[in-house]
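One file, protein-v2.txt, carrying compact mmCIF, C-alpha atoms and all ligand atoms:
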```
# COMPACT_ATOMS: atom_id res chain seq x y z
CA MET K 1378 54.14 -2.12 -11.25
CA THR K 1379 55.34 -2.42 -14.82
CA GLN K 1380 52.44 -0.76 -16.58
CA ASN K 1381 52.26 2.86 -17.59
CA SER K 1382 49.28 5.07 -18.28
CA THR K 1383 49.23 4.26 -22.00
CA GLN K 1384 48.91 0.50 -21.35
CA ALA K 1385 47.02 0.18 -18.09
CA SER K 1386 43.26 -0.40 -18.18
CA PRO K 1387 41.04 1.80 -16.05
CA VAL K 1388 40.25 0.68 -12.50
CA THR K 1389 37.37 1.78 -10.29
CA LEU K 1390 37.70 1.49 -6.53
CA LEU K 1391 34.72 1.67 -4.17
CA GLY K 1392 35.70 2.40 -0.58
CA LEU K 1393 38.39 4.73 0.68
CA GLY K 1394 38.87 3.58 4.24
CA ALA K 1395 42.36 2.84 5.51
CA MET K 1396 42.73 -0.15 3.20
CA GLY K 1397 41.00 1.33 0.15
CA THR K 1398 43.14 4.47 0.32
CA ALA K 1399 46.33 2.41 0.50
CA LEU K 1400 45.23 0.32 -2.49
CA ALA K 1401 44.31 3.42 -4.48
CA ARG K 1402 47.73 5.01 -4.07
CA THR K 1403 49.48 1.99 -5.57
CA TRP K 1404 47.34 2.02 -8.71
CA LEU K 1405 47.89 5.73 -9.11
CA ALA K 1406 51.64 5.30 -8.66
CA ALA K 1407 51.64 2.54 -11.29
CA GLY K 1408 49.89 4.79 -13.80
CA TYR K 1409 46.44 3.18 -13.81
CA PRO K 1410 43.57 5.54 -14.65
CA LEU K 1411 41.70 5.33 -11.35
CA THR K 1412 38.14 6.33 -10.50
CA VAL K 1413 37.26 6.31 -6.82
CA TRP K 1414 34.06 6.60 -4.83
CA ASN K 1415 33.47 6.79 -1.11
CA ARG K 1416 30.24 7.22 0.88
CA THR K 1417 31.84 10.18 2.66
CA PRO K 1418 33.14 12.22 -0.30
CA ALA K 1419 35.78 14.14 1.70
CA ARG K 1420 37.89 10.99 1.86
CA ALA K 1421 38.37 11.16 -1.93
CA GLU K 1422 39.80 14.68 -1.94
CA ALA K 1423 43.45 13.80 -1.27
CA LEU K 1424 43.38 11.07 -3.90
CA ALA K 1425 41.79 13.42 -6.42
CA ALA K 1426 44.70 15.80 -5.83
CA GLU K 1427 47.03 12.88 -6.58
CA GLY K 1428 45.34 12.10 -9.92
CA ALA K 1429 42.29 9.96 -9.17
CA LYS K 1430 38.91 10.85 -10.63
CA ALA K 1431 36.41 11.18 -7.77
CA ALA K 1432 32.95 10.01 -8.85
CA ASP K 1433 29.81 11.59 -7.41
CA SER K 1434 28.05 8.27 -6.96
CA ALA K 1435 28.77 4.57 -6.84
CA ALA K 1436 26.83 4.21 -10.11
CA ALA K 1437 29.06 6.76 -11.86
CA ALA K 1438 32.18 5.10 -10.49
CA VAL K 1439 31.06 1.66 -11.68
CA ALA K 1440 30.23 3.06 -15.12
CA ALA K 1441 33.76 4.46 -15.47
CA SER K 1442 35.71 1.15 -15.68
CA GLY K 1443 35.33 -2.47 -16.66
CA LEU K 1444 37.22 -3.55 -13.55
CA VAL K 1445 35.51 -2.53 -10.29
CA VAL K 1446 37.35 -3.26 -7.04
CA ILE K 1447 35.30 -3.08 -3.84
CA CYS K 1448 36.87 -2.55 -0.41
CA LEU K 1449 34.09 -1.65 2.02
CA LEU K 1450 33.48 -2.40 5.67
CA ASP K 1451 31.38 -5.56 5.37
CA ASP K 1452 29.01 -7.44 3.10
CA ALA K 1453 26.02 -5.30 4.13
CA SER K 1454 27.83 -2.13 3.05
CA VAL K 1455 28.54 -3.71 -0.36
CA GLY K 1456 24.82 -4.40 -0.80
CA THR K 1457 23.94 -0.86 0.26
CA ALA K 1458 26.55 0.84 -1.94
CA LEU K 1459 25.63 -1.15 -5.06
CA ASP K 1460 21.86 -1.20 -4.56
CA GLY K 1461 20.25 -0.33 -7.91
CA VAL K 1462 23.60 0.19 -9.69
CA ASP K 1463 23.85 -1.23 -13.23
CA LEU K 1464 26.52 -3.94 -13.03
CA ALA K 1465 25.92 -5.55 -16.43
CA GLY K 1466 29.18 -6.40 -18.19
CA LYS K 1467 31.34 -5.38 -15.21
CA ASP K 1468 34.10 -7.39 -13.56
CA LEU K 1469 33.66 -7.10 -9.79
CA VAL K 1470 36.56 -7.90 -7.47
CA ASN K 1471 35.34 -7.77 -3.88
CA LEU K 1472 38.10 -7.42 -1.29
CA THR K 1473 35.68 -6.73 1.57
CA THR K 1474 36.06 -9.21 4.45
CA THR K 1475 33.03 -11.53 4.53
CA THR K 1476 32.08 -15.06 5.47
CA PRO K 1477 32.44 -17.78 2.81
CA ALA K 1478 28.63 -18.00 2.60
CA GLN K 1479 28.35 -14.25 2.03
CA ALA K 1480 31.01 -14.45 -0.70
CA ARG K 1481 29.13 -17.25 -2.49
CA ALA K 1482 25.85 -15.37 -2.21
CA ARG K 1483 27.51 -12.18 -3.48
CA ALA K 1484 28.92 -14.10 -6.48
CA ALA K 1485 25.42 -15.34 -7.35
CA TRP K 1486 24.04 -11.84 -6.79
CA ALA K 1487 26.61 -10.37 -9.20
CA GLU K 1488 25.93 -13.05 -11.81
CA GLU K 1489 22.18 -12.33 -11.66
CA ARG K 1490 23.06 -8.72 -12.50
CA GLY K 1491 25.21 -9.67 -15.50
CA ALA K 1492 28.57 -9.12 -13.80
CA ARG K 1493 31.54 -11.45 -13.41
CA TYR K 1494 32.78 -11.90 -9.84
CA LEU K 1495 36.00 -12.61 -8.03
CA ASP K 1496 36.24 -12.61 -4.24
CA GLY K 1497 39.32 -11.62 -2.26
CA GLY K 1498 40.62 -11.95 1.29
CA ILE K 1499 43.35 -9.47 2.18
CA MET K 1500 46.25 -10.91 4.19
CA ALA K 1501 47.90 -7.57 4.88
CA VAL K 1502 47.41 -4.40 6.87
CA PRO K 1503 47.47 -1.00 5.14
CA PRO K 1504 51.20 -0.26 5.74
CA MET K 1505 52.03 -3.51 3.87
CA ILE K 1506 50.21 -2.37 0.73
CA GLY K 1507 52.63 -1.31 -2.03
CA VAL K 1508 55.55 -2.76 -0.06
CA PRO K 1509 56.37 -6.13 -1.72
CA GLU K 1510 59.04 -7.00 0.85
CA ALA K 1511 56.40 -6.85 3.61
CA GLY K 1512 55.05 -10.17 2.31
CA GLY K 1513 51.35 -9.32 2.19
CA TYR K 1514 49.02 -10.84 -0.35
CA VAL K 1515 45.37 -11.32 -1.25
CA PHE K 1516 43.63 -14.70 -1.56
CA TYR K 1517 41.40 -14.79 -4.64
CA SER K 1518 38.66 -17.26 -5.51
CA GLY K 1519 35.91 -17.49 -8.10
CA SER K 1520 36.38 -17.37 -11.85
CA ARG K 1521 39.98 -18.33 -12.71
CA GLU K 1522 39.50 -16.74 -16.12
CA LEU K 1523 38.67 -13.44 -14.46
CA PHE K 1524 41.62 -13.75 -12.10
CA GLU K 1525 44.01 -14.36 -15.01
CA LEU K 1526 42.48 -11.51 -17.00
CA HIS K 1527 43.08 -8.96 -14.23
CA ARG K 1528 46.06 -10.60 -12.58
CA GLU K 1529 48.50 -7.83 -13.50
CA ALA K 1530 46.31 -5.02 -12.15
CA LEU K 1531 45.48 -7.01 -9.01
CA ALA K 1532 49.17 -7.66 -8.35
CA VAL K 1533 49.99 -3.94 -8.23
CA PRO K 1534 49.11 -3.28 -4.55
CA VAL K 1535 50.15 -6.61 -3.05
CA GLY K 1536 50.84 -10.27 -3.96
CA THR K 1537 48.11 -12.61 -5.23
CA LYS K 1538 47.21 -16.22 -4.38
CA TYR K 1539 44.38 -17.88 -6.32
CA VAL K 1540 42.74 -20.64 -4.24
CA GLY K 1541 39.93 -22.04 -6.39
CA GLU K 1542 36.74 -21.61 -8.39
CA ASP K 1543 34.53 -21.70 -5.28
CA ALA K 1544 33.88 -18.02 -4.56
CA GLY K 1545 33.84 -18.78 -0.82
CA PHE K 1546 37.38 -20.16 -0.67
CA ALA K 1547 39.22 -16.83 -0.44
CA ALA K 1548 37.12 -15.85 2.58
CA LEU K 1549 37.56 -19.32 4.08
CA HIS K 1550 41.35 -19.19 3.71
CA ASP K 1551 41.36 -15.66 5.13
CA VAL K 1552 39.27 -16.56 8.19
CA ALA K 1553 41.16 -19.83 8.74
CA LEU K 1554 44.52 -18.04 8.84
CA LEU K 1555 43.20 -15.27 11.06
CA SER K 1556 41.62 -17.85 13.40
CA GLY K 1557 45.01 -19.54 13.73
CA MET K 1558 46.48 -16.13 14.48
CA TYR K 1559 43.98 -15.48 17.28
CA GLY K 1560 44.79 -18.86 18.82
CA MET K 1561 48.45 -17.86 18.81
CA PHE K 1562 47.64 -14.47 20.34
CA ALA K 1563 45.57 -16.23 23.01
CA GLY K 1564 48.57 -18.39 23.93
CA ALA K 1565 50.82 -15.32 23.97
CA ALA K 1566 48.37 -13.45 26.24
CA HIS K 1567 48.44 -16.37 28.70
CA ALA K 1568 52.26 -16.50 28.58
CA PHE K 1569 52.58 -12.76 29.28
CA ALA K 1570 50.04 -13.04 32.11
CA LEU K 1571 52.15 -15.77 33.73
CA ILE K 1572 55.19 -13.48 33.97
CA ARG K 1573 53.30 -10.22 34.43
CA ARG K 1574 53.63 -9.91 38.23
CA GLU K 1575 57.24 -11.12 38.35
CA ASP K 1576 60.51 -9.30 37.94
CA ILE K 1577 60.74 -10.43 34.33
CA ASP K 1578 61.08 -7.82 31.61
CA PRO K 1579 58.34 -8.46 29.03
CA VAL K 1580 60.56 -6.87 26.38
CA ALA K 1581 63.31 -9.40 27.12
CA PHE K 1582 60.74 -12.21 27.27
CA ALA K 1583 59.12 -11.33 23.92
CA PRO K 1584 61.88 -12.64 21.61
CA LEU K 1585 61.97 -15.91 23.57
CA LEU K 1586 58.23 -16.28 23.07
CA ALA K 1587 58.30 -15.23 19.41
CA ASP K 1588 61.14 -17.62 18.55
CA TRP K 1589 59.44 -20.51 20.37
CA LEU K 1590 56.11 -19.90 18.64
CA ALA K 1591 57.86 -19.64 15.25
CA ALA K 1592 59.67 -22.96 15.86
CA MET K 1593 56.50 -24.71 17.06
CA ALA K 1594 54.47 -23.31 14.16
CA GLN K 1595 56.39 -25.69 11.90
CA GLY K 1596 54.33 -28.44 13.53
CA VAL K 1597 51.39 -27.55 11.28
CA HIS K 1598 53.12 -29.40 8.42
CA GLY K 1599 53.09 -32.64 10.42
CA THR K 1600 49.44 -32.04 11.35
CA ALA K 1601 48.56 -31.52 7.69
CA ALA K 1602 50.40 -34.68 6.62
CA ARG K 1603 48.57 -36.73 9.29
CA LEU K 1604 45.19 -35.28 8.34
CA LYS K 1605 45.88 -36.17 4.72
CA SER K 1606 47.12 -39.72 5.40
CA GLN K 1607 44.57 -40.26 8.19
CA ASP K 1608 47.39 -41.93 10.11
CA TYR K 1609 47.70 -39.93 13.33
CA THR K 1610 50.38 -42.06 15.01
CA SER K 1611 53.26 -42.26 12.49
CA GLY K 1612 56.30 -40.14 13.29
CA VAL K 1613 54.79 -38.76 16.50
CA VAL K 1614 57.43 -37.22 18.75
CA SER K 1615 55.35 -35.90 21.67
CA HIS K 1616 52.56 -38.35 22.46
CA LEU K 1617 49.18 -37.15 23.59
CA ALA K 1618 49.38 -39.27 26.76
CA MET K 1619 52.57 -37.48 27.80
CA GLN K 1620 51.13 -34.07 26.90
CA VAL K 1621 47.91 -34.62 28.84
CA ALA K 1622 49.97 -35.76 31.84
CA GLY K 1623 51.64 -32.37 31.74
CA THR K 1624 48.49 -30.26 31.72
CA PRO K 1625 48.03 -30.23 35.55
CA THR K 1626 51.45 -28.56 35.73
CA PHE K 1627 50.25 -25.79 33.41
CA LEU K 1628 47.00 -25.30 35.31
CA ALA K 1629 48.75 -25.34 38.70
CA THR K 1630 51.30 -22.82 37.44
CA ALA K 1631 48.50 -20.55 36.22
CA GLU K 1632 46.79 -20.81 39.61
CA GLY K 1633 50.07 -20.15 41.40
CA GLN K 1634 50.65 -17.04 39.31
CA GLY K 1635 47.08 -15.84 39.86
CA VAL K 1636 46.27 -16.25 36.16
CA SER K 1637 42.89 -17.39 34.85
CA PRO K 1638 43.16 -20.64 32.86
CA GLU K 1639 40.19 -19.65 30.68
CA LEU K 1640 42.23 -19.42 27.49
CA ILE K 1641 44.10 -22.72 27.78
CA ARG K 1642 41.67 -24.95 29.68
CA PRO K 1643 39.28 -25.59 26.75
CA TYR K 1644 42.16 -26.88 24.64
CA PHE K 1645 43.36 -29.11 27.48
CA GLU K 1646 39.82 -30.49 27.82
CA LEU K 1647 39.81 -31.47 24.15
CA MET K 1648 43.20 -33.17 24.56
CA ARG K 1649 41.85 -35.12 27.56
CA ARG K 1650 38.73 -36.18 25.62
CA ARG K 1651 40.83 -37.48 22.75
CA LEU K 1652 43.07 -39.37 25.19
CA ASP K 1653 40.04 -40.89 26.93
CA ALA K 1654 38.87 -42.14 23.52
CA GLY K 1655 42.04 -44.25 23.37
CA SER K 1656 44.32 -42.04 21.27
CA GLY K 1657 47.30 -41.75 23.60
CA GLU K 1658 49.80 -42.70 20.87
CA GLU K 1659 48.69 -39.84 18.63
CA ASP K 1660 49.90 -36.26 18.86
CA LEU K 1661 47.44 -33.34 18.87
CA THR K 1662 46.02 -33.89 15.37
CA GLY K 1663 42.91 -35.67 16.67
CA VAL K 1664 41.67 -32.43 18.25
CA VAL K 1665 40.73 -31.29 14.73
CA ASP K 1666 38.26 -34.18 14.46
CA LEU K 1667 36.81 -33.44 17.89
CA LEU K 1668 36.00 -29.90 16.74
CA LEU K 1669 34.25 -31.29 13.68
CA ASP K 1670 32.32 -33.84 15.76
CA ARG K 1671 31.13 -31.15 18.14
CA GLY K 1672 30.32 -28.78 15.24
CA ALA K 1673 28.28 -31.51 13.52
CA ALA K 1674 26.43 -32.27 16.77
CA ARG K 1675 25.55 -28.59 17.15
CA ILE K 1676 24.39 -28.30 13.53
CA SER K 1677 22.13 -31.36 13.81
CA ALA K 1678 20.79 -30.35 17.25
N1 LIG N 1701 42.56 -2.27 7.81
C1 LIG N 1701 42.98 -3.48 8.11
O1 LIG N 1701 43.93 -3.66 8.87
C2 LIG N 1701 42.30 -4.73 7.56
C3 LIG N 1701 43.30 -5.65 6.91
C4 LIG N 1701 42.66 -6.88 6.33
C5 LIG N 1701 41.44 -6.55 5.48
N2 LIG N 1701 40.55 -5.63 6.17
C6 LIG N 1701 39.24 -5.49 5.53
O2 LIG N 1701 39.26 -4.52 4.47
C7 LIG N 1701 37.98 -3.91 4.38
C8 LIG N 1701 38.13 -2.41 4.45
O3 LIG N 1701 38.83 -2.12 5.63
P1 LIG N 1701 39.32 -0.63 5.97
O4 LIG N 1701 40.53 -0.77 6.82
O5 LIG N 1701 39.44 0.18 4.76
O6 LIG N 1701 38.08 -0.15 6.87
P2 LIG N 1701 37.64 1.34 7.27
O7 LIG N 1701 38.82 2.23 7.34
O8 LIG N 1701 36.79 1.20 8.47
O9 LIG N 1701 36.74 1.82 6.02
C9 LIG N 1701 35.48 1.25 5.78
C10 LIG N 1701 34.98 1.70 4.43
O10 LIG N 1701 33.64 1.18 4.23
C11 LIG N 1701 32.76 2.32 3.96
N3 LIG N 1701 31.44 1.99 4.43
C12 LIG N 1701 31.08 1.53 5.65
N4 LIG N 1701 29.75 1.33 5.69
C13 LIG N 1701 29.26 1.68 4.48
C14 LIG N 1701 27.96 1.70 3.90
N5 LIG N 1701 26.89 1.30 4.59
N6 LIG N 1701 27.83 2.10 2.63
C15 LIG N 1701 28.91 2.50 1.90
N7 LIG N 1701 30.17 2.53 2.39
C16 LIG N 1701 30.33 2.12 3.66
C17 LIG N 1701 33.42 3.47 4.67
O11 LIG N 1701 32.89 4.66 4.13
P3 LIG N 1701 32.91 6.04 5.02
O12 LIG N 1701 32.66 5.65 6.47
O13 LIG N 1701 34.24 6.67 4.81
O14 LIG N 1701 31.79 6.84 4.45
C18 LIG N 1701 34.88 3.24 4.32
O15 LIG N 1701 35.15 3.61 2.99
C19 LIG N 1701 37.13 -4.46 5.55
O16 LIG N 1701 36.29 -5.49 5.07
C20 LIG N 1701 38.18 -5.03 6.49
O17 LIG N 1701 37.70 -6.09 7.28
C21 LIG N 1701 41.18 -4.40 6.60
```
Any chance you could give the structure as structure tokens?
Amino acid sequence: MTQNSTQASPVTLLGLGAMGTALARTWLAAGYPLTVWNRTPARAEALAAEGAKAADSAAAAVAASGLVVICLLDDASVGTALDGVDLAGKDLVNLTTTTPAQARARAAWAEERGARYLDGGIMAVPPMIGVPEAGGYVFYSGSRELFELHREALAVPVGTKYVGEDAGFAALHDVALLSGMYGMFAGAAHAFALIRREDIDPVAFAPLLADWLAAMAQGVHGTAARLKSQDYTSGVVSHLAMQVAGTPTFLATAEGQGVSPELIRPYFELMRRRLDAGSGEEDLTGVVDLLLDRGAARISA
């Protein structure tokens, strides 16, 4: 946030939902001339009172700035909002959550219309925007030249991490991290269910769970090293054979507590399959390959 209004280049922002509004406020606070557009115009009123220029149409908003940031609901809404809009010579930065394939297709779509394209995946929730100490950031992928050109403006709301020329990589990193998060939440839901009917205070239990998950999360570095070296047995502390031997205890405990095993059983089944293939001296890394094998079988089926 070092620029002032005499130095900062104009920015256009399409989309004033919870995230778009949070982004907009940071550019205004940093002195960027900001044009905004939203499908429902009333959502632009507060920002207009704070100094933004509210455009009557997406086309007018796009025409107002060289840099056009898009933060809409999904890929379909991007296509709808920009249908028929002249994008020639514009730099589009699309922060809308999409699949990697949609991001790549949108990059090609933008190029066909004479625009340069950068895709983004936001790793933050609205209260983290404009709060550097909250640790949020956006993954960017696509043209590195474009990223470097607009890096300063893009760094105003939240941190930036460039992850490659492939326009789909920002979305892939975004979805990969969020998928890991949902796996963690699934484990936490099972853990809370186990204690739910007992005289155990969930508020007292929560820091135990959070600290344990944080400590175990460090295991991803070992997994990554094994995937890279393709040696799944070096430096293994907790062997798969031992871990699989323990799974009946987890399932019996779930049954005893009246808890459905539906969240943890599929993972245990993958562990068992890897063990049955003769990988008892590995840790859990081989499960990654089982997922790929099964995915490939489904794709070719
Ligand atoms: N909010 C969050 O916690 C997450 C954090 C991580 C990143 N996501 C993604 O950010 C995109 C925008 O999310 P949002 O929080 O701003 O979402 P909403 O508040 O629901 O606002 C949606 C905006 O999209 C507009 N819109 C929807 N459909 C259309 C359409 N067909 N044509 C034009 N605009 C459309 C909507 O307009 P309106 O309803 O006010 O008229 C809002 O501006 C999103 O990809 C998240 O996954 C947020």
How would you report the residues lying within 8 Å of ligand LIG 1701 (chain N), as a ChimeraX atom specification, if you count all atoms listed in the file? /K:1391-1398,1415-1418,1420,1448-1458,1472-1475,1498-1503
Within 12 Å of Gln1607 in chain K using all atoms listed in the file, minus same-chain residues under 6 positions, as number ranges by chain: K: 1599-1601, 1659, 1662-1663, 1665-1666
Emit the selected residues as a PDB file, in the coordinates of the input, including C-alpha atoms.
```
ATOM      1  CA  GLY K1599      53.090 -32.640  10.420  1.00  0.00           C
ATOM      2  CA  THR K1600      49.440 -32.040  11.350  1.00  0.00           C
ATOM      3  CA  ALA K1601      48.560 -31.520   7.690  1.00  0.00           C
ATOM      4  CA  GLU K1659      48.690 -39.840  18.630  1.00  0.00           C
ATOM      5  CA  THR K1662      46.020 -33.890  15.370  1.00  0.00           C
ATOM      6  CA  GLY K1663      42.910 -35.670  16.670  1.00  0.00           C
ATOM      7  CA  VAL K1665      40.730 -31.290  14.730  1.00  0.00           C
ATOM      8  CA  ASP K1666      38.260 -34.180  14.460  1.00  0.00           C
TER       9      ASP K1666
END
```
As JSON, what would the box around range 1507-1524 of chain K look like: edges along x, y and z, 6 Å added on every side, centre and edge lengths in Å to one decimal?
```
{"center_x": 47.5, "center_y": -9.8, "center_z": -6.3, "size_x": 35.1, "size_y": 29.0, "size_z": 31.7}
```
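Going from CA of Pro1625 in chain K over to CA of Arg1642 in chain K, you cover 10.1 Å.
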Determine the nearest neighbour of Ala1478 in chain K from the options K:Trp1589, K:Tyr1644, K:Tyr1517, K:Phe1546, counting all atoms listed in the file.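 That would be K:Phe1546, the residue with the smallest distance to Ala1478 in chain K.
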Would you mind listing what lies within 7 Å of His1616 in chain K as JSON, numbers by chain, with only C-alpha atoms counted and same-chain residues fewer than 3 positions away left out? {"K": [1613, 1619, 1620, 1657, 1658, 1659, 1660]}
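For the pair CA of Glu1529 in chain K and CA of Asp1460 in chain K, the separation is 28.9 Å.
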